[in-house]
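Encoded as structure tokens, the structure appears first; notes follow it.
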Amino acid sequence: MAESFSAPIGYAIASRPPDNLKATIFVATFLSAPNRLIGALARLPLPLLLGLPLPLPIIRKFLLGEDAENDTVDLLRRSLSIAGSSILAHRVKEMARLRRTSSRLWLPCTYIVAANDRLVPRRHVEEFRRVAPQIEVVETAGPHFIMQARPQACAEVINSYAG
């Protein structure tokens, strides 16, 4: 399973799969830079900016959804704090460096699309279809962090796919 930032890693593993890898599930993710603003963001003093607490309206609008439980918001904030601003800044810079890929994936794949994702544009689904024409795309209502915001719906997709 490769969610959000981890898709390039999941893709690299799936492109040369070990014998025991039977399928890959991608979730609200991308193989090339998710949007044009990433390059501009990567040039800012990110460790300083990302060290500031994310305002609740930003978390709700872009990450977890307007109806996110306070406990879920708190868990996200703690996770970001544990990761630290230098790690998050490094991730933004790595995202800015991503370019289109052409290696095909032959394993069974599923892509869970977050229907209300405000960070990863829907065009990234086509990028996955280009490298994995057999990919099954499943749209699930929810924000970018779809697995955290709609765990039951994602579990149902994963279980039906893995089962």
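Letters A, B, ... mark the chains of the structure tokens in the order given; residue numbers begin at 1 per chain; ligand numbers begin at 1, in order shown.
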Open item on the list: Quick one: residues within 10 Å of segment 26-28 of chain A, only C-alpha atoms, excluding same-chain residues fewer than 3 positions away - as a PyMOL selection string?
Closed with: chain A and resi 1-8+10-11+109-115+117+119-122+124-125+128+135+137-140+143-147+154
TODO: With a distance cut-off of 7 Å and only C-alpha atoms, select the neighbouring residues of segment 71-86 of chain A, excluding the residue or stretch itself and same-chain residues fewer than 4 positions from it, and output the selection as a ChimeraX atom specification.
DONE: /A:47,50-51,90
Task: Atomic distance atom CA of Arg16 of chain A - atom CA of Glu94 of chain A, expressed in Å with one decimal - done: 21.4 Å
Open item on the list: Which residues are near segment 160-162 of chain A? Cut-off 10 Å, only C-alpha atoms, ignore same chain within fewer than 4 positions. Put them as a PyMOL selection string.
Closed with: chain A and resi 22-25+108-110+136+154-156
Task: Of the listed residues A:Ile38, A:Glu69, A:Ile58, A:Pro17, that which approaches Ala149 of chain A most closely, counting only C-alpha atoms - done: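 Among A:Ile38, A:Glu69, A:Ile58, A:Pro17, it is A:Glu69 that comes nearest to Ala149 of chain A.
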